[in-house]
$ cat protein.tsv   # TSV, C-alpha atoms
chain	number	residue	atom	x	y	z
A	1	MET	CA	-1.42	-24.79	18.18
A	2	THR	CA	-2.17	-21.09	17.72
A	3	ASN	CA	-3.03	-19.76	14.27
A	4	LEU	CA	-1.07	-16.53	14.20
A	5	LEU	CA	-2.44	-15.27	10.88
A	6	SER	CA	-6.17	-15.81	11.21
A	7	VAL	CA	-7.56	-13.01	13.36
A	8	ASP	CA	-11.08	-11.62	13.57
A	9	TRP	CA	-10.19	-7.98	14.32
A	10	SER	CA	-13.76	-7.22	15.38
A	11	LYS	CA	-13.18	-9.44	18.43
A	12	ILE	CA	-9.89	-7.79	19.40
A	13	PRO	CA	-9.91	-4.51	21.37
A	14	ALA	CA	-8.42	-1.68	19.32
A	15	PRO	CA	-5.74	0.43	20.97
A	16	ARG	CA	-6.56	4.08	21.54
A	17	ASP	CA	-4.28	7.01	20.91
A	18	ASP	CA	-2.88	7.75	24.35
A	19	GLY	CA	-0.56	10.45	23.00
A	20	ALA	CA	2.54	8.38	23.82
A	21	ALA	CA	4.05	8.86	20.34
A	22	LYS	CA	3.33	12.56	19.70
A	23	HIS	CA	6.80	13.60	20.85
A	24	LEU	CA	8.45	11.51	18.11
A	25	ILE	CA	7.59	13.74	15.12
A	26	GLY	CA	10.70	15.72	14.15
A	27	ARG	CA	12.81	13.90	16.71
A	28	LEU	CA	16.47	13.26	15.89
A	29	VAL	CA	17.16	9.53	15.83
A	30	PRO	CA	19.98	8.66	18.24
A	31	SER	CA	23.05	6.71	17.15
A	32	ILE	CA	22.37	3.32	18.75
A	33	PRO	CA	23.56	0.14	17.01
A	34	LEU	CA	20.94	-2.62	17.02
A	35	THR	CA	21.53	-6.29	16.26
A	36	SER	CA	19.57	-7.45	13.25
A	37	SER	CA	18.19	-10.89	12.51
A	38	ASP	CA	20.61	-11.21	9.58
A	39	GLY	CA	23.63	-10.73	11.85
A	40	ARG	CA	24.40	-7.10	10.99
A	41	SER	CA	24.73	-4.23	13.41
A	42	ILE	CA	22.31	-1.53	12.22
A	43	ASP	CA	22.58	2.08	13.32
A	44	LEU	CA	19.51	3.87	11.96
A	45	VAL	CA	21.48	7.14	11.82
A	46	SER	CA	23.94	5.71	9.29
A	47	LEU	CA	21.26	4.75	6.76
A	48	GLN	CA	20.67	6.74	3.60
A	49	GLY	CA	17.23	7.56	2.22
A	50	THR	CA	13.86	6.90	3.81
A	51	THR	CA	13.71	4.19	6.46
A	52	ILE	CA	10.52	2.52	7.67
A	53	VAL	CA	10.64	0.97	11.14
A	54	TYR	CA	7.56	-0.84	12.36
A	55	ALA	CA	7.70	-1.56	16.07
A	56	TYR	CA	5.65	-4.44	17.45
A	57	PRO	CA	5.26	-6.17	20.82
A	58	MET	CA	6.42	-9.70	19.97
A	59	THR	CA	6.16	-12.32	17.29
A	60	GLY	CA	4.43	-15.45	18.42
A	61	ARG	CA	5.40	-18.97	17.46
A	62	PRO	CA	2.93	-21.69	16.49
A	63	ASP	CA	4.46	-24.08	19.05
A	64	VAL	CA	4.45	-21.61	21.97
A	65	PRO	CA	1.24	-20.35	23.61
A	66	LEU	CA	0.73	-16.61	23.70
A	67	PRO	CA	0.72	-14.96	27.15
A	68	ASP	CA	-2.54	-15.29	29.09
A	69	GLY	CA	-5.05	-12.66	28.02
A	70	TRP	CA	-2.91	-11.59	25.04
A	71	ASP	CA	-5.82	-11.10	22.65
A	72	MET	CA	-7.60	-8.79	25.09
A	73	LEU	CA	-4.63	-6.43	25.52
A	74	PRO	CA	-5.47	-3.54	23.15
A	75	GLY	CA	-2.95	-3.56	20.31
A	76	ALA	CA	-1.07	-6.68	21.38
A	77	ARG	CA	-2.34	-9.21	18.85
A	78	GLY	CA	-1.24	-9.02	15.23
A	79	CYS	CA	2.56	-9.05	15.03
A	80	THR	CA	2.68	-11.93	12.56
A	81	PRO	CA	-0.01	-10.47	10.25
A	82	GLN	CA	1.78	-7.10	10.40
A	83	SER	CA	5.15	-8.61	9.48
A	84	CYS	CA	3.54	-10.62	6.68
A	85	ALA	CA	1.93	-7.44	5.31
A	86	PHE	CA	5.33	-5.72	5.20
A	87	ARG	CA	6.71	-8.85	3.51
A	88	ASP	CA	3.95	-8.85	0.92
A	89	HIS	CA	4.34	-5.12	0.19
A	90	PHE	CA	8.13	-4.98	0.48
A	91	ASP	CA	8.81	-4.39	-3.23
A	92	GLU	CA	6.15	-1.68	-3.48
A	93	LEU	CA	7.54	0.09	-0.42
A	94	GLN	CA	10.96	0.13	-2.07
A	95	ARG	CA	9.52	1.43	-5.36
A	96	LEU	CA	7.92	4.27	-3.38
A	97	GLY	CA	11.24	5.32	-1.89
A	98	ALA	CA	11.64	3.24	1.25
A	99	ALA	CA	15.35	2.46	1.01
A	100	ASN	CA	15.23	0.48	4.26
A	101	VAL	CA	12.43	-1.44	5.98
A	102	PHE	CA	12.85	-3.03	9.41
A	103	GLY	CA	10.75	-4.57	12.13
A	104	LEU	CA	11.69	-3.67	15.72
A	105	SER	CA	10.93	-5.44	18.96
A	106	THR	CA	12.47	-6.03	22.37
A	107	GLN	CA	12.77	-9.75	21.65
A	108	ALA	CA	16.19	-11.40	21.41
A	109	THR	CA	17.77	-11.78	17.98
A	110	ASP	CA	17.58	-15.60	18.05
A	111	TYR	CA	13.82	-15.42	18.58
A	112	GLN	CA	13.54	-12.93	15.73
A	113	LYS	CA	15.61	-15.15	13.39
A	114	GLU	CA	13.04	-17.91	13.80
A	115	ALA	CA	10.26	-15.52	12.74
A	116	VAL	CA	12.20	-14.27	9.70
A	117	GLU	CA	12.80	-17.83	8.51
A	118	ARG	CA	9.28	-19.12	9.22
A	119	LEU	CA	7.56	-16.10	7.66
A	120	HIS	CA	10.04	-15.76	4.75
A	121	LEU	CA	10.62	-12.09	5.50
A	122	PRO	CA	12.73	-10.14	2.96
A	123	LEU	CA	13.57	-7.63	5.69
A	124	ALA	CA	15.54	-7.80	8.89
A	125	LEU	CA	14.10	-7.55	12.39
A	126	LEU	CA	16.01	-5.36	14.85
A	127	SER	CA	16.40	-6.26	18.50
A	128	ASP	CA	16.22	-3.62	21.21
A	129	SER	CA	16.42	-6.20	23.96
A	130	ASP	CA	18.48	-3.83	26.12
A	131	PHE	CA	15.89	-1.04	25.61
A	132	LYS	CA	18.50	1.57	24.59
A	133	LEU	CA	16.53	2.85	21.59
A	134	THR	CA	13.23	2.44	23.45
A	135	GLU	CA	14.49	4.65	26.27
A	136	ALA	CA	16.36	7.17	24.10
A	137	LEU	CA	13.29	7.82	21.93
A	138	ARG	CA	10.81	7.17	24.76
A	139	LEU	CA	8.98	4.66	22.57
A	140	PRO	CA	5.59	3.65	23.97
A	141	ASN	CA	5.83	0.31	25.75
A	142	PHE	CA	4.00	-1.87	28.24
A	143	GLU	CA	4.58	-4.81	30.56
A	144	THR	CA	2.78	-8.13	30.61
A	145	SER	CA	3.67	-11.63	31.82
A	146	GLY	CA	7.03	-10.36	33.08
A	147	MET	CA	7.99	-8.93	29.67
A	148	ARG	CA	8.57	-5.32	28.65
A	149	LEU	CA	7.26	-4.92	25.10
A	150	LEU	CA	6.86	-2.13	22.57
A	151	LYS	CA	3.46	-0.81	21.65
A	152	ARG	CA	2.77	-1.09	17.95
A	153	LEU	CA	3.82	1.96	15.91
A	154	THR	CA	5.49	2.70	12.60
A	155	MET	CA	8.07	5.44	12.08
A	156	VAL	CA	9.13	7.00	8.79
A	157	ILE	CA	12.70	8.23	9.23
A	158	SER	CA	14.27	10.70	6.79
A	159	GLN	CA	17.56	12.56	7.17
A	160	ASN	CA	18.01	11.08	10.66
A	161	HIS	CA	14.71	12.53	11.89
A	162	VAL	CA	11.34	10.94	12.50
A	163	GLU	CA	9.27	12.43	9.71
A	164	HIS	CA	5.99	10.66	10.42
A	165	VAL	CA	4.54	8.26	12.98
A	166	PHE	CA	1.60	5.89	12.64
A	167	TYR	CA	0.19	5.36	16.14
A	168	PRO	CA	-1.83	3.55	17.18
A	169	VAL	CA	-1.67	0.92	14.45
A	170	PHE	CA	-4.86	-1.11	14.00
A	171	PRO	CA	-5.58	-3.46	12.44
A	172	PRO	CA	-1.93	-4.48	12.16
A	173	ASP	CA	-2.32	-6.29	8.84
A	174	GLU	CA	-3.15	-2.92	7.21
A	175	SER	CA	-0.02	-1.20	8.55
A	176	ALA	CA	2.04	-1.64	5.37
A	177	ALA	CA	-0.85	-0.38	3.22
A	178	ASP	CA	-1.13	2.71	5.45
A	179	VAL	CA	2.57	3.42	4.93
A	180	ILE	CA	2.21	2.92	1.16
A	181	ASN	CA	-0.67	5.40	1.02
A	182	TRP	CA	1.32	7.94	3.03
A	183	LEU	CA	4.40	7.51	0.79
A	184	LYS	CA	2.23	7.99	-2.31
A	185	ALA	CA	0.72	11.18	-0.85
A	186	ARG	CA	4.20	12.46	0.05
A	187	MET	CA	5.38	11.82	-3.53
A	188	GLN	CA	2.37	13.64	-4.99
A	189	LYS	CA	2.88	16.56	-2.63
A	190	SER	CA	6.56	16.91	-3.54
A	191	SER	CA	5.92	16.64	-7.29
A	192	GLY	CA	2.87	18.90	-7.38
$ encode --input "protein.tsv" --output "structure tokens"
Amino acid sequence: MTNLLSVDWSKIPAPRDDGAAKHLIGRLVPSIPLTSSDGRSIDLVSLQGTTIVYAYPMTGRPDVPLPDGWDMLPGARGCTPQSCAFRDHFDELQRLGAANVFGLSTQATDYQKEAVERLHLPLALLSDSDFKLTEALRLPNFETSGMRLLKRLTMVISQNHVEHVFYPVFPPDESAADVINWLKARMQKSSG
């Protein structure tokens, strides 16, 4: 059984910034409905306020082995710790102005529902299993073990545009804290 939360990040190769997300800043978010783990159809364009979308390769399950060599793929390991960090900081993110927080992967909705239930996530996971959003925004992705997966990144979306991108994200369990720090700095900048 794999322990999906206990990770020694010093033994995992960190991803490098390959420039694959630079084009996202300022980009208009396309109108593409995505199925969410709570059964809704979510179109990011229709949402009001600031939206945080953290994209991740795939959530693992304790009863299913990870793909061969998973830990040695830079940036692959850490989806469960990342989702748990967003869970643990969910209320603070909302207090800082994040009206919407979602996880995003290319996994099927049924697989995502299991992760939401097991991890007690207060947020929905969005499925881009048909790669429409991935292709429209040219989100960084990779292939392994016959799967096409997203590279880990976090987008801050405001007024239907990508305002900020965190890429690469490492270690993943600090992703929510990075977003919180950025939101605090944005608030200080706008009030000062």
$ residues_around --input "protein.tsv" --residues "A:Phe170" --least-positions-apart "5" --cutoff "8 Å" --atoms "all atoms listed in the file" --output "CSV table (one decimal) with C-alpha atoms, keeping the file's coordinate frame"
chain,number,residue,atom,x,y,z
A,14,ALA,CA,-8.4,-1.7,19.3
A,15,PRO,CA,-5.7,0.4,21.0
A,75,GLY,CA,-3.0,-3.6,20.3
A,175,SER,CA,0.0,-1.2,8.6
$ closest_residue --input "protein.tsv" --among "A:Asp91, A:Asp68, A:Asp110, A:Asp173" --to "A:Ser145" --atoms "only C-alpha atoms"
A:Asp68
$ residues_around --input "protein.tsv" --residues "A:Ala20" --least-positions-apart "6" --cutoff "10 Å" --atoms "all atoms listed in the file" --output "PyMOL selection string"
chain A and resi 138-141+151+167-168
$ residues_around --input "protein.tsv" --residues "A:Gly26" --least-positions-apart "3" --cutoff "9 Å" --atoms "all atoms listed in the file" --output "count of residues only"
5
$ closest_residue --input "protein.tsv" --among "A:Ser190, A:Ser37, A:Thr51, A:Asn160" --to "A:Ala98" --atoms "all atoms listed in the file"
A:Thr51
$ build_atoms --input "protein.tsv" --residues "stretch 114-126 of chain A" --atoms "N, CA and C atoms" --output "tab-separated table (two decimals), in the frame of the given file"
chain	number	residue	atom	x	y	z
A	114	GLU	N	14.03	-16.86	14.05
A	114	GLU	CA	13.04	-17.91	13.80
A	114	GLU	C	11.86	-17.33	13.03
A	115	ALA	N	11.40	-16.15	13.41
A	115	ALA	CA	10.26	-15.52	12.74
A	115	ALA	C	10.60	-15.16	11.30
A	116	VAL	N	11.78	-14.63	11.06
A	116	VAL	CA	12.20	-14.27	9.70
A	116	VAL	C	12.20	-15.50	8.81
A	117	GLU	N	12.74	-16.59	9.31
A	117	GLU	CA	12.80	-17.83	8.51
A	117	GLU	C	11.40	-18.40	8.28
A	118	ARG	N	10.61	-18.51	9.33
A	118	ARG	CA	9.28	-19.12	9.22
A	118	ARG	C	8.36	-18.29	8.32
A	119	LEU	N	8.45	-16.98	8.42
A	119	LEU	CA	7.56	-16.10	7.66
A	119	LEU	C	8.15	-15.67	6.31
A	120	HIS	N	9.38	-16.10	6.01
A	120	HIS	CA	10.04	-15.76	4.75
A	120	HIS	C	10.10	-14.25	4.53
A	121	LEU	N	10.57	-13.54	5.56
A	121	LEU	CA	10.62	-12.09	5.50
A	121	LEU	C	11.82	-11.63	4.67
A	122	PRO	N	11.63	-10.69	3.73
A	122	PRO	CA	12.73	-10.14	2.96
A	122	PRO	C	13.41	-8.97	3.67
A	123	LEU	N	13.04	-8.74	4.91
A	123	LEU	CA	13.57	-7.63	5.69
A	123	LEU	C	14.11	-8.17	7.01
A	124	ALA	N	14.96	-7.40	7.62
A	124	ALA	CA	15.54	-7.80	8.89
A	124	ALA	C	14.70	-7.26	10.05
A	125	LEU	N	14.72	-7.99	11.14
A	125	LEU	CA	14.10	-7.55	12.39
A	125	LEU	C	15.23	-7.07	13.30
A	126	LEU	N	15.02	-5.95	13.96
A	126	LEU	CA	16.01	-5.36	14.85
A	126	LEU	C	15.63	-5.63	16.29
